file run-v5.csv (CSV, C-alpha atoms)
chain,number,residue,atom,x,y,z
A,1301,MET,CA,52.9,-20.9,-60.4
A,1302,VAL,CA,50.3,-23.0,-58.6
A,1303,ASN,CA,50.9,-26.6,-57.6
A,1304,LEU,CA,48.1,-29.1,-57.8
A,1305,THR,CA,47.5,-32.7,-58.4
A,1306,ILE,CA,45.4,-34.0,-61.3
A,1307,ASP,CA,44.7,-37.7,-61.4
A,1308,GLY,CA,47.7,-38.3,-59.1
A,1309,ARG,CA,50.1,-36.3,-61.2
A,1310,GLN,CA,51.9,-33.3,-59.7
A,1311,ILE,CA,51.2,-30.3,-62.0
A,1312,LYS,CA,52.4,-26.8,-62.1
A,1313,ALA,CA,49.8,-24.4,-63.6
A,1314,ARG,CA,49.8,-20.6,-64.2
A,1315,GLU,CA,47.6,-18.6,-61.9
A,1316,GLY,CA,44.2,-17.9,-63.3
A,1317,MET,CA,44.1,-21.0,-65.5
A,1318,THR,CA,41.1,-23.2,-65.4
A,1319,LEU,CA,41.3,-26.8,-64.3
A,1320,LEU,CA,40.4,-27.8,-67.9
A,1321,GLN,CA,43.2,-25.8,-69.4
A,1322,ALA,CA,45.7,-27.2,-66.9
A,1323,ALA,CA,44.6,-30.7,-67.5
A,1324,ARG,CA,44.7,-30.4,-71.3
A,1325,GLU,CA,48.1,-28.8,-71.2
A,1326,HIS,CA,49.3,-31.9,-69.5
A,1327,GLY,CA,47.6,-34.3,-71.9
A,1328,ILE,CA,44.8,-35.3,-69.5
A,1329,ASP,CA,41.6,-35.7,-71.4
A,1330,ILE,CA,38.4,-34.2,-70.0
A,1331,PRO,CA,35.3,-34.4,-72.3
A,1332,THR,CA,33.5,-31.2,-73.2
A,1333,LEU,CA,30.6,-30.2,-75.3
A,1334,CYS,CA,30.1,-26.4,-74.8
A,1335,HIS,CA,33.7,-25.5,-74.4
A,1336,ASN,CA,35.5,-23.7,-77.2
A,1337,ASP,CA,38.9,-22.1,-77.0
A,1338,ALA,CA,37.7,-19.1,-78.9
A,1339,LEU,CA,34.9,-18.4,-76.5
A,1340,GLU,CA,34.6,-17.5,-72.8
A,1341,PRO,CA,34.0,-20.5,-70.5
A,1342,TYR,CA,30.3,-21.1,-70.1
A,1343,GLY,CA,29.7,-24.2,-68.0
A,1344,ALA,CA,26.4,-25.2,-69.7
A,1345,CYS,CA,26.9,-28.8,-70.7
A,1346,ARG,CA,28.6,-29.9,-67.5
A,1347,VAL,CA,30.2,-33.0,-68.9
A,1348,CYS,CA,33.6,-31.5,-68.0
A,1349,LEU,CA,32.8,-32.0,-64.3
A,1350,VAL,CA,35.6,-33.2,-62.1
A,1351,GLU,CA,35.9,-34.0,-58.4
A,1352,ILE,CA,38.1,-31.8,-56.4
A,1353,THR,CA,39.5,-32.4,-52.9
A,1354,TYR,CA,40.6,-29.4,-50.8
A,1355,LYS,CA,43.5,-29.5,-48.4
A,1356,ASN,CA,41.1,-29.9,-45.5
A,1357,GLY,CA,39.8,-33.1,-47.1
A,1358,ARG,CA,36.4,-31.8,-48.2
A,1359,ASN,CA,35.5,-32.7,-51.8
A,1360,ARG,CA,32.9,-31.6,-54.3
A,1361,LEU,CA,32.1,-31.8,-58.0
A,1362,VAL,CA,32.8,-28.7,-60.1
A,1363,THR,CA,32.9,-27.8,-63.8
A,1364,SER,CA,36.5,-27.8,-64.8
A,1365,CYS,CA,36.0,-25.3,-67.6
A,1366,LEU,CA,35.1,-22.6,-65.0
A,1367,TYR,CA,37.0,-23.6,-61.9
A,1368,PRO,CA,40.4,-21.8,-61.5
A,1369,VAL,CA,43.5,-23.8,-60.4
A,1370,GLU,CA,44.2,-23.6,-56.7
A,1371,GLU,CA,47.3,-24.3,-54.6
A,1372,GLY,CA,47.3,-27.8,-53.2
A,1373,LEU,CA,44.1,-28.9,-54.9
A,1374,SER,CA,43.7,-32.5,-55.7
A,1375,VAL,CA,41.6,-33.2,-58.8
A,1376,SER,CA,40.2,-36.4,-60.1
A,1377,THR,CA,38.9,-36.4,-63.7
A,1378,ASN,CA,37.6,-40.0,-63.6
A,1379,SER,CA,36.7,-41.0,-60.1
A,1380,GLU,CA,33.6,-43.2,-59.6
A,1381,ARG,CA,31.6,-40.2,-58.6
A,1382,VAL,CA,32.6,-38.2,-61.6
A,1383,THR,CA,31.9,-41.0,-64.0
A,1384,ALA,CA,28.5,-41.8,-62.5
A,1385,ASN,CA,27.4,-38.2,-62.7
A,1386,ARG,CA,28.9,-37.7,-66.2
A,1387,LYS,CA,27.0,-40.8,-67.3
A,1388,ILE,CA,23.7,-39.4,-66.2
A,1389,LEU,CA,24.3,-36.1,-68.0
A,1390,VAL,CA,25.2,-38.0,-71.2
A,1391,GLU,CA,22.1,-40.2,-70.8
A,1392,LEU,CA,19.9,-37.1,-70.6
A,1393,LEU,CA,21.6,-35.6,-73.6
A,1394,LEU,CA,21.3,-38.8,-75.6
A,1395,ALA,CA,17.6,-38.8,-74.8
A,1396,ARG,CA,17.2,-35.3,-76.1
A,1397,CYS,CA,19.6,-35.6,-79.2
A,1398,SER,CA,19.5,-39.3,-79.9
A,1399,GLY,CA,20.6,-38.9,-83.5
A,1400,GLU,CA,23.6,-36.7,-83.0
A,1401,LYS,CA,27.0,-38.1,-83.6
A,1402,VAL,CA,28.9,-36.0,-81.0
A,1403,ILE,CA,26.6,-37.3,-78.3
A,1404,GLN,CA,26.6,-40.9,-79.5
A,1405,ASP,CA,30.4,-40.9,-79.6
A,1406,LEU,CA,30.6,-39.5,-76.1
A,1407,ALA,CA,28.0,-41.9,-74.8
A,1408,ARG,CA,29.9,-44.9,-76.3
A,1409,LYS,CA,33.1,-43.7,-74.7
A,1410,LEU,CA,31.4,-43.6,-71.3
A,1411,GLY,CA,29.7,-47.0,-71.8
A,1412,VAL,CA,26.2,-45.6,-72.3
A,1413,GLU,CA,24.4,-47.9,-74.7
A,1414,SER,CA,21.0,-46.1,-74.8
A,1415,PRO,CA,19.2,-43.7,-72.5
A,1416,PRO,CA,17.4,-45.4,-69.7
A,1417,PHE,CA,14.0,-43.9,-70.7
A,1418,ARG,CA,10.9,-45.3,-72.4
A,1419,PRO,CA,11.0,-44.8,-76.2
A,1420,GLU,CA,8.3,-42.1,-76.1
A,1421,TYR,CA,10.7,-39.9,-74.2
A,1422,ILE,CA,13.5,-40.2,-76.7
A,1423,GLU,CA,13.8,-37.1,-78.9
A,1424,ARG,CA,15.8,-36.4,-82.0
A,1425,ASN,CA,16.7,-32.8,-81.4
A,1426,ALA,CA,19.6,-31.6,-83.5
A,1427,CYS,CA,20.6,-28.8,-81.1
A,1428,ILE,CA,22.4,-29.7,-77.9
A,1429,LEU,CA,22.0,-26.2,-76.5
A,1430,CYS,CA,25.7,-25.7,-76.1
A,1431,ALA,CA,25.1,-22.0,-77.1
A,1432,GLN,CA,28.4,-21.9,-79.0
A,1433,CYS,CA,26.5,-20.2,-81.9
A,1434,VAL,CA,25.0,-17.6,-79.6
A,1435,ARG,CA,28.3,-16.9,-77.9
A,1436,ALA,CA,30.3,-16.7,-81.1
A,1437,CYS,CA,27.8,-14.3,-82.5
A,1438,GLN,CA,28.0,-12.2,-79.4
A,1439,GLU,CA,31.7,-12.5,-78.3
A,1440,VAL,CA,33.5,-13.0,-81.5
A,1441,VAL,CA,31.4,-11.3,-84.2
A,1442,GLY,CA,29.9,-8.7,-81.8
A,1443,VAL,CA,26.5,-8.8,-83.4
A,1444,SER,CA,24.2,-10.8,-81.1
A,1445,ALA,CA,21.7,-11.6,-83.8
A,1446,ILE,CA,20.5,-14.8,-82.0
A,1447,SER,CA,20.0,-15.8,-78.4
A,1448,LEU,CA,18.6,-18.5,-76.2
A,1449,ALA,CA,14.9,-18.0,-75.9
A,1450,ASN,CA,12.5,-19.5,-73.3
A,1451,ARG,CA,13.6,-22.0,-70.7
A,1452,GLY,CA,13.4,-25.5,-69.5
A,1453,VAL,CA,12.2,-28.0,-72.1
A,1454,SER,CA,11.2,-25.2,-74.5
A,1455,ARG,CA,14.6,-23.6,-74.5
A,1456,GLU,CA,15.9,-23.0,-78.0
A,1457,VAL,CA,18.4,-20.9,-80.0
A,1458,ALA,CA,16.3,-18.3,-81.9
A,1459,PRO,CA,16.3,-14.9,-83.5
A,1460,PRO,CA,14.3,-12.2,-81.6
A,1461,PHE,CA,10.6,-12.9,-81.6
A,1462,LEU,CA,11.3,-16.1,-83.5
A,1463,GLU,CA,11.2,-14.2,-86.7
A,1464,THR,CA,14.0,-12.8,-88.9
A,1465,ALA,CA,17.4,-12.2,-87.3
A,1466,THR,CA,17.5,-8.6,-88.4
A,1467,ALA,CA,20.9,-8.0,-86.9
A,1468,CYS,CA,22.5,-10.9,-88.7
A,1469,ILE,CA,25.3,-10.1,-91.2
A,1470,GLY,CA,25.4,-13.5,-92.7
A,1471,CYS,CA,28.9,-14.3,-91.7
A,1472,GLY,CA,28.1,-17.9,-90.9
A,1473,SER,CA,30.1,-18.2,-87.7
A,1474,CYS,CA,27.2,-19.9,-86.0
A,1475,VAL,CA,27.2,-22.5,-88.8
A,1476,TYR,CA,30.9,-23.2,-88.6
A,1477,ILE,CA,31.0,-23.4,-84.8
A,1478,CYS,CA,28.0,-25.7,-84.4
A,1479,PRO,CA,29.2,-29.1,-83.2
A,1480,THR,CA,26.1,-30.9,-84.6
A,1481,GLN,CA,25.8,-29.0,-87.9
A,1482,CYS,CA,22.2,-28.2,-87.1
A,1483,ILE,CA,22.3,-24.6,-88.6
A,1484,LYS,CA,21.6,-24.8,-92.3
A,1485,MET,CA,23.3,-22.4,-94.6
A,1486,GLU,CA,23.3,-22.4,-98.4
A,1487,ASP,CA,25.0,-20.2,-101.0
A,1488,VAL,CA,23.0,-20.3,-104.2
A,1489,GLY,CA,24.4,-18.1,-107.0
A,1490,ASP,CA,24.7,-14.6,-105.6
A,1491,THR,CA,22.5,-15.3,-102.5
A,1492,ARG,CA,23.3,-16.8,-99.1
A,1493,PHE,CA,20.5,-18.3,-97.0
A,1494,ILE,CA,20.7,-19.1,-93.3
A,1495,HIS,CA,17.5,-21.0,-93.0
A,1496,ASN,CA,17.4,-21.3,-89.2
A,1497,TRP,CA,17.3,-17.5,-88.8
A,1498,SER,CA,15.1,-16.9,-91.9
A,1499,VAL,CA,17.7,-14.6,-93.4
A,1500,GLU,CA,19.1,-14.1,-96.9
A,1501,PHE,CA,22.0,-12.0,-98.1
A,1502,LYS,CA,23.3,-10.8,-101.4
A,1503,LEU,CA,26.9,-12.0,-101.9
A,1504,LYS,CA,29.6,-9.7,-103.1
A,1505,LYS,CA,31.1,-10.4,-106.5
A,1506,CYS,CA,34.9,-10.2,-106.9
A,1507,LYS,CA,35.9,-7.6,-109.5
A,1508,VAL,CA,38.7,-9.9,-110.8
A,1509,CYS,CA,37.5,-13.5,-110.7
A,1510,GLY,CA,33.8,-12.9,-110.6
A,1511,ASN,CA,33.2,-15.3,-107.7
A,1512,HIS,CA,30.6,-14.5,-105.1
A,1513,PHE,CA,32.8,-14.6,-102.0
A,1514,ALA,CA,31.1,-13.1,-99.0
A,1515,PRO,CA,27.8,-11.4,-97.9
A,1516,GLU,CA,27.8,-7.7,-98.6
A,1517,ALA,CA,26.4,-7.1,-95.2
A,1518,GLN,CA,29.3,-8.8,-93.5
A,1519,LEU,CA,31.9,-6.9,-95.6
A,1520,GLU,CA,30.2,-3.6,-94.8
A,1521,TYR,CA,30.3,-4.6,-91.1
A,1522,ILE,CA,34.0,-5.4,-91.2
A,1523,THR,CA,34.8,-2.3,-93.2
A,1524,ALA,CA,33.1,-0.1,-90.6
A,1525,LYS,CA,34.5,-2.0,-87.6
A,1526,ALA,CA,38.1,-2.1,-88.8
A,1527,ASN,CA,37.9,1.3,-90.4
A,1528,LEU,CA,39.0,0.1,-93.8
A,1529,PRO,CA,38.9,2.3,-96.9
A,1530,PRO,CA,35.8,2.0,-99.1
A,1531,GLY,CA,36.3,-0.5,-101.9
A,1532,PHE,CA,38.7,-2.6,-99.8
A,1533,PHE,CA,36.6,-5.7,-100.4
A,1534,ASP,CA,36.1,-5.1,-104.2
A,1535,THR,CA,38.3,-8.1,-104.8
A,1536,CYS,CA,38.2,-11.4,-102.9
A,1537,THR,CA,41.1,-12.6,-100.8
A,1538,THR,CA,42.5,-15.0,-103.4
A,1539,CYS,CA,42.7,-12.3,-106.1
A,1540,ARG,CA,44.1,-9.6,-103.9
B,1110,MET,CA,5.1,4.6,-76.0
B,1111,ALA,CA,8.6,5.5,-76.9
B,1112,ALA,CA,8.5,8.5,-74.5
B,1113,ARG,CA,7.4,6.3,-71.7
B,1114,VAL,CA,10.1,3.8,-72.3
B,1115,GLU,CA,12.6,6.7,-72.4
B,1116,ALA,CA,11.3,7.9,-69.0
B,1117,ILE,CA,11.6,4.4,-67.5
B,1118,VAL,CA,15.1,3.9,-68.8
B,1119,ALA,CA,16.1,7.3,-67.5
B,1120,LYS,CA,14.7,6.4,-64.1
B,1121,PHE,CA,17.3,3.7,-64.0
B,1122,ASP,CA,20.0,6.0,-65.4
B,1123,GLY,CA,20.2,3.8,-68.5
B,1124,ASP,CA,21.9,1.1,-66.4
B,1125,LYS,CA,22.1,-2.2,-68.4
B,1126,GLY,CA,22.2,-4.2,-65.2
B,1127,GLN,CA,18.7,-3.0,-64.4
B,1128,LEU,CA,17.2,-4.6,-67.4
B,1129,VAL,CA,14.8,-6.8,-65.5
B,1130,SER,CA,13.5,-3.9,-63.4
B,1131,ILE,CA,13.1,-1.9,-66.6
B,1132,LEU,CA,11.1,-4.7,-68.2
B,1133,GLN,CA,9.0,-4.9,-65.0
B,1134,ASP,CA,8.1,-1.2,-65.2
B,1135,ILE,CA,7.3,-1.5,-68.9
B,1136,GLN,CA,5.0,-4.5,-68.2
B,1137,GLU,CA,3.4,-2.6,-65.3
B,1138,GLU,CA,2.2,0.0,-67.7
B,1139,HIS,CA,1.0,-2.2,-70.6
B,1140,ARG,CA,0.3,-5.4,-68.7
B,1141,TYR,CA,2.6,-7.1,-71.2
B,1142,LEU,CA,5.8,-6.3,-73.0
B,1143,PRO,CA,4.9,-4.8,-76.4
B,1144,ARG,CA,7.5,-5.4,-79.1
B,1145,GLU,CA,8.0,-1.7,-79.9
B,1146,ALA,CA,8.8,-1.1,-76.3
B,1147,LEU,CA,11.5,-3.8,-76.3
B,1148,GLU,CA,12.9,-2.5,-79.5
B,1149,LYS,CA,13.1,1.0,-78.0
B,1150,ALA,CA,14.6,-0.3,-74.8
B,1151,SER,CA,17.2,-2.2,-76.8
B,1152,GLN,CA,18.1,1.0,-78.6
B,1153,LEU,CA,18.3,3.1,-75.4
B,1154,LEU,CA,20.2,0.6,-73.3
B,1155,ASN,CA,22.4,-0.5,-76.2
B,1156,ILE,CA,21.6,-4.1,-75.5
B,1157,PRO,CA,21.0,-6.3,-78.6
B,1158,LEU,CA,17.3,-7.1,-79.1
B,1159,SER,CA,18.1,-10.8,-79.1
B,1160,GLN,CA,19.4,-10.6,-75.5
B,1161,ILE,CA,16.3,-8.6,-74.3
B,1162,TYR,CA,14.1,-11.2,-76.0
B,1163,SER,CA,16.1,-13.9,-74.2
B,1164,VAL,CA,15.5,-12.3,-70.8
B,1165,ALA,CA,11.8,-11.5,-71.6
B,1166,THR,CA,11.1,-15.1,-72.5
B,1167,PHE,CA,13.1,-16.6,-69.6
B,1168,PHE,CA,10.9,-15.3,-66.8
B,1169,ARG,CA,7.4,-16.5,-66.5
B,1170,ALA,CA,6.3,-13.2,-65.0
B,1171,PHE,CA,6.9,-11.5,-68.3
B,1172,SER,CA,4.4,-11.8,-71.1
B,1173,LEU,CA,4.9,-10.9,-74.8
B,1174,GLU,CA,1.2,-11.3,-75.4
B,1175,PRO,CA,-1.3,-8.7,-74.2
B,1176,ARG,CA,-2.9,-9.8,-70.9
B,1177,GLY,CA,-6.4,-9.1,-69.6
B,1178,ARG,CA,-7.3,-6.4,-67.1
B,1179,HIS,CA,-7.2,-9.0,-64.3
B,1180,LEU,CA,-4.6,-11.7,-64.0
B,1181,ILE,CA,-5.7,-14.8,-62.3
B,1182,LYS,CA,-3.0,-17.1,-61.1
B,1183,VAL,CA,-4.1,-20.5,-59.9
B,1184,CYS,CA,-1.4,-22.1,-57.7
B,1185,LEU,CA,-0.7,-25.7,-58.7
B,1186,GLY,CA,2.1,-26.2,-56.2
B,1187,THR,CA,2.3,-29.4,-54.2
B,1188,ALA,CA,0.2,-28.3,-51.3
B,1189,CYS,CA,-2.5,-26.7,-53.4
B,1190,HIS,CA,-2.4,-29.6,-55.8
B,1191,VAL,CA,-3.2,-32.2,-53.1
B,1192,ARG,CA,-6.1,-29.9,-51.9
B,1193,GLY,CA,-7.7,-29.9,-55.3
B,1194,ALA,CA,-6.2,-26.9,-57.2
B,1195,ASN,CA,-6.8,-28.7,-60.5
B,1196,ARG,CA,-10.6,-28.6,-59.9
B,1197,ILE,CA,-10.4,-24.9,-59.1
B,1198,LEU,CA,-8.4,-24.3,-62.3
B,1199,GLU,CA,-11.0,-26.3,-64.3
B,1200,ARG,CA,-13.9,-24.3,-62.8
B,1201,ALA,CA,-12.2,-21.0,-63.7
B,1202,ALA,CA,-11.4,-22.2,-67.2
B,1203,LEU,CA,-14.9,-23.4,-67.7
B,1204,ASP,CA,-16.5,-20.1,-66.5
B,1205,LEU,CA,-14.1,-18.0,-68.5
B,1206,GLY,CA,-14.2,-20.2,-71.6
B,1207,ILE,CA,-10.4,-20.2,-71.9
B,1208,GLU,CA,-7.6,-22.5,-71.0
B,1209,ALA,CA,-4.7,-21.8,-68.7
B,1210,GLY,CA,-2.3,-19.3,-70.5
B,1211,GLN,CA,-5.1,-17.7,-72.5
B,1212,THR,CA,-6.9,-14.4,-72.3
B,1213,THR,CA,-10.7,-13.8,-72.7
B,1214,SER,CA,-11.7,-12.1,-75.9
B,1215,ASP,CA,-13.1,-9.1,-74.0
B,1216,MET,CA,-9.6,-8.7,-72.5
B,1217,ALA,CA,-11.1,-8.9,-69.0
B,1218,PHE,CA,-9.1,-11.9,-67.7
B,1219,THR,CA,-5.9,-13.8,-68.2
B,1220,LEU,CA,-5.8,-17.2,-66.6
B,1221,GLU,CA,-2.4,-18.6,-65.6
B,1222,THR,CA,-1.0,-21.3,-63.4
B,1223,VAL,CA,1.9,-20.9,-61.0
B,1224,ASN,CA,3.9,-23.5,-59.1
B,1225,CYS,CA,3.8,-22.1,-55.5
B,1226,VAL,CA,3.2,-18.6,-54.2
B,1227,GLY,CA,4.7,-19.4,-50.8
B,1228,CYS,CA,1.7,-19.5,-48.6
B,1229,CYS,CA,0.9,-23.2,-48.7
B,1230,ALA,CA,-1.0,-23.1,-45.4
B,1231,LEU,CA,-3.7,-21.1,-47.2
B,1232,GLY,CA,-4.0,-23.6,-50.1
B,1233,PRO,CA,-5.6,-24.0,-52.5
B,1234,VAL,CA,-4.6,-20.5,-53.4
B,1235,VAL,CA,-5.6,-18.2,-56.2
B,1236,VAL,CA,-3.9,-14.9,-56.7
B,1237,VAL,CA,-5.9,-12.2,-58.6
B,1238,ASP,CA,-3.8,-9.2,-59.5
B,1239,ASP,CA,-2.1,-8.5,-56.2
B,1240,THR,CA,-4.7,-10.1,-53.9
B,1241,THR,CA,-4.1,-13.6,-52.5
B,1242,LEU,CA,-7.2,-15.6,-52.0
B,1243,GLY,CA,-6.8,-18.6,-49.7
B,1244,GLN,CA,-8.8,-21.7,-49.0
B,1245,MET,CA,-10.5,-21.6,-52.4
B,1246,THR,CA,-13.2,-23.9,-53.3
B,1247,THR,CA,-14.8,-24.6,-56.6
B,1248,ASP,CA,-18.0,-22.9,-55.3
B,1249,LYS,CA,-16.1,-19.7,-54.6
B,1250,VAL,CA,-14.6,-19.4,-58.1
B,1251,VAL,CA,-17.6,-18.0,-60.0
B,1252,PRO,CA,-18.6,-15.4,-57.4
B,1253,MET,CA,-15.0,-14.3,-57.3
B,1254,LEU,CA,-14.8,-13.8,-61.0
B,1255,GLU,CA,-18.2,-12.0,-60.9
B,1256,ARG,CA,-16.7,-9.5,-58.4
B,1257,TYR,CA,-13.9,-8.7,-60.8
B,1258,ARG,CA,-16.0,-8.6,-63.9
B,1259,GLN,CA,-17.6,-5.2,-63.0

call {"tool": "encode", "arguments": {"input": "run-v5.csv", "output": "structure tokens"}}
result
Amino acid sequence: MVNLTIDGRQIKAREGMTLLQAAREHGIDIPTLCHNDALEPYGACRVCLVEITYKNGRNRLVTSCLYPVEEGLSVSTNSERVTANRKILVELLLARCSGEKVIQDLARKLGVESPPFRPEYIERNACILCAQCVRACQEVVGVSAISLANRGVSREVAPPFLETATACIGCGSCVYICPTQCIKMEDVGDTRFIHNWSVEFKLKKCKVCGNHFAPEAQLEYITAKANLPPGFFDTCTTCR
Amino acid sequence: MAARVEAIVAKFDGDKGQLVSILQDIQEEHRYLPREALEKASQLLNIPLSQIYSVATFFRAFSLEPRGRHLIKVCLGTACHVRGANRILERAALDLGIEAGQTTSDMAFTLETVNCVGCCALGPVVVVDDTTLGQMTTDKVVPMLERYRQ
């Protein structure tokens, strides 16, 4: 066990835990945007930053989602320095994604009314670049059909060569995980469309109820990956 | 093309961690990264194409578009900028009839801008292929292009 202090509270944490995990386990709230328990820590949004003070008195700002707990560490999740820095981050995010509820809510919580920029710099991007979709596709699904392309202001989530995501199996994980719902998916009859990646999939029809329940490509992928007998997905999960 | 990519990947023992070096070698050969070459590399290295695309678009040094036989990089870093790098860029663009980031239709030149090549004392600097030309003036631009045109 590792002993540390978070916001003045003595806390025991397991070795290898991150500061974020330790704090959350003790009901201490740290805002996050790119963190997801199902994914590896990433440290992209940086709103989870906290101020840490070492035993020798030196202190610095770190992303709590990546920083492992350390014996004798003193952590502040809401010091003046933390709040000031977090506010700047949220102002920048709000300027990029002024219409997104997750960002607006976080901004309100931190007392940010509007980004301190002239109106011509305020954008309405739907994507906050948290890369949860990219990471879910890579780490959880294991397909990596999409990735982050370009960099700086032109960074975006995209299929290779900005064309069709040929590796996509249509599972929709990117859609479900997106915190701003900016990936558009539609099931129309026996076809599924994921518009952002210009892909469409034929949906499998259940032998019993006749419902179209999942993309054939996804079922083939799962069948091969989990070594299931052929015909395993002839019926949907409800009819099985 | 596939055989050349295979040779390059083999040179690095198919090591995924050497992706950037592999892409550099591919680019050396074609002066850009052809799509087929990236698809082949993806297959050989067992790296998803999306991830290779991500790396290829991250670094400014890589190009997914065919580049000209000569690559002209005009430095627009701070030191070059204050010494009139913009006028040099304009002069080159005017003479070549293209804008920064474009390639002439005869595939002779590609014009690009960079943000510091690390020899500010020589500014304004233009780098043509691997040659660094210091203390550039607008008058020197056209003769310089002429030399490379042959």

call {"tool": "closest_residue", "arguments": {"input": "run-v5.csv", "among": "A:Leu1394, A:Val1362, A:Cys1506, A:Met1317", "to": "A:Glu1423", "atoms": "all atoms listed in the file"}}
result
A:Leu1394

call {"tool": "interface_residues", "arguments": {"input": "run-v5.csv", "of": "chain A", "to": "chain B", "cutoff": "10 Å", "atoms": "all atoms listed in the file", "output": "list in words"}}
result
Val1434, Gln1438, Gly1442, Val1443, Ser1444, Ala1445, Ile1446, Ser1447, Leu1448, Ala1449, Asn1450, Arg1451, Gly1452, Arg1455, Glu1456, Val1457, Ala1458, Pro1459, Pro1460, Phe1461, Leu1462, Ala1465, Thr1466 and Ala1467 of chain A

call {"tool": "write_last_selection", "arguments": {"input": "run-v5.csv", "atoms": "C-alpha atoms", "output": "CSV table (one decimal), in the coordinates of the input"}}
result
chain,number,residue,atom,x,y,z
A,1434,VAL,CA,25.0,-17.6,-79.6
A,1438,GLN,CA,28.0,-12.2,-79.4
A,1442,GLY,CA,29.9,-8.7,-81.8
A,1443,VAL,CA,26.5,-8.8,-83.4
A,1444,SER,CA,24.2,-10.8,-81.1
A,1445,ALA,CA,21.7,-11.6,-83.8
A,1446,ILE,CA,20.5,-14.8,-82.0
A,1447,SER,CA,20.0,-15.8,-78.4
A,1448,LEU,CA,18.6,-18.5,-76.2
A,1449,ALA,CA,14.9,-18.0,-75.9
A,1450,ASN,CA,12.5,-19.5,-73.3
A,1451,ARG,CA,13.6,-22.0,-70.7
A,1452,GLY,CA,13.4,-25.5,-69.5
A,1455,ARG,CA,14.6,-23.6,-74.5
A,1456,GLU,CA,15.9,-23.0,-78.0
A,1457,VAL,CA,18.4,-20.9,-80.0
A,1458,ALA,CA,16.3,-18.3,-81.9
A,1459,PRO,CA,16.3,-14.9,-83.5
A,1460,PRO,CA,14.3,-12.2,-81.6
A,1461,PHE,CA,10.6,-12.9,-81.6
A,1462,LEU,CA,11.3,-16.1,-83.5
A,1465,ALA,CA,17.4,-12.2,-87.3
A,1466,THR,CA,17.5,-8.6,-88.4
A,1467,ALA,CA,20.9,-8.0,-86.9

call {"tool": "residues_around", "arguments": {"input": "run-v5.csv", "residues": "B:Leu1220", "least_positions_apart": "3", "cutoff": "6 Å", "atoms": "all atoms listed in the file", "output": "list in words"}}
result
Ile1181, Ala1209, Gly1210 and Gln1211 of chain B

call {"tool": "residues_around", "arguments": {"input": "run-v5.csv", "residues": "B:Gly1227", "least_positions_apart": "4", "cutoff": "12 Å", "atoms": "all atoms listed in the file", "output": "PyMOL selection string"}}
result
chain B and resi 1184-1189+1223+1231-1236+1241+1243

call {"tool": "residues_around", "arguments": {"input": "run-v5.csv", "residues": "A:Cys1427", "least_positions_apart": "2", "cutoff": "10 Å", "atoms": "all atoms listed in the file", "output": "list in words"}}
result
Arg1396, Cys1397, Glu1400, Arg1424, Asn1425, Leu1429, Cys1430, Ala1431, Glu1456, Val1457, Cys1478, Pro1479, Thr1480, Gln1481, Cys1482 and Ile1483 of chain A

call {"tool": "atom_distance", "arguments": {"input": "run-v5.csv", "atom1": "atom CA of A:Ile1494", "atom2": "atom CA of A:Tyr1521"}}
result
17.5 Å

call {"tool": "residues_around", "arguments": {"input": "run-v5.csv", "residues": "B:Arg1178", "least_positions_apart": "6", "cutoff": "10 Å", "atoms": "only C-alpha atoms", "output": "PDB file with C-alpha atoms, in the coordinates of the input"}}
result
ATOM      1  CA  HIS B1139       1.000  -2.200 -70.600  1.00  0.00           C
ATOM      2  CA  ARG B1140       0.300  -5.400 -68.700  1.00  0.00           C
ATOM      3  CA  THR B1212      -6.900 -14.400 -72.300  1.00  0.00           C
ATOM      4  CA  THR B1213     -10.700 -13.800 -72.700  1.00  0.00           C
ATOM      5  CA  ASP B1215     -13.100  -9.100 -74.000  1.00  0.00           C
ATOM      6  CA  MET B1216      -9.600  -8.700 -72.500  1.00  0.00           C
ATOM      7  CA  ALA B1217     -11.100  -8.900 -69.000  1.00  0.00           C
ATOM      8  CA  PHE B1218      -9.100 -11.900 -67.700  1.00  0.00           C
ATOM      9  CA  THR B1219      -5.900 -13.800 -68.200  1.00  0.00           C
ATOM     10  CA  ASP B1238      -3.800  -9.200 -59.500  1.00  0.00           C
ATOM     11  CA  TYR B1257     -13.900  -8.700 -60.800  1.00  0.00           C
ATOM     12  CA  ARG B1258     -16.000  -8.600 -63.900  1.00  0.00           C
TER      13      ARG B1258
END

call {"tool": "atom_distance", "arguments": {"input": "run-v5.csv", "atom1": "atom CA of A:Val1499", "atom2": "atom CA of A:Cys1468"}}
result
7.7 Å

call {"tool": "residues_around", "arguments": {"input": "run-v5.csv", "residues": "A:Lys1504", "least_positions_apart": "3", "cutoff": "10 Å", "atoms": "all atoms listed in the file", "output": "NGL selection string"}}
result
:A and (1490-1491 or 1501 or 1507 or 1510-1519 or 1533-1536)

call {"tool": "atom_distance", "arguments": {"input": "run-v5.csv", "atom1": "atom CA of A:Arg1492", "atom2": "atom CA of A:Ala1526"}}
result
23.3 Å

call {"tool": "residues_near_point", "arguments": {"input": "run-v5.csv", "point": "(10.0, 4.3, -73.7)", "cutoff": "6 Å", "atoms": "only C-alpha atoms", "output": "list in words"}}
result
Met1110, Ala1111, Ala1112, Arg1113, Val1114 and Glu1115 of chain B

call {"tool": "write_last_selection", "arguments": {"input": "run-v5.csv", "atoms": "C-alpha atoms", "output": "PDB file, in the frame of the given file"}}
result
ATOM      1  CA  MET B1110       5.100   4.600 -76.000  1.00  0.00           C
ATOM      2  CA  ALA B1111       8.600   5.500 -76.900  1.00  0.00           C
ATOM      3  CA  ALA B1112       8.500   8.500 -74.500  1.00  0.00           C
ATOM      4  CA  ARG B1113       7.400   6.300 -71.700  1.00  0.00           C
ATOM      5  CA  VAL B1114      10.100   3.800 -72.300  1.00  0.00           C
ATOM      6  CA  GLU B1115      12.600   6.700 -72.400  1.00  0.00           C
TER       7      GLU B1115
END
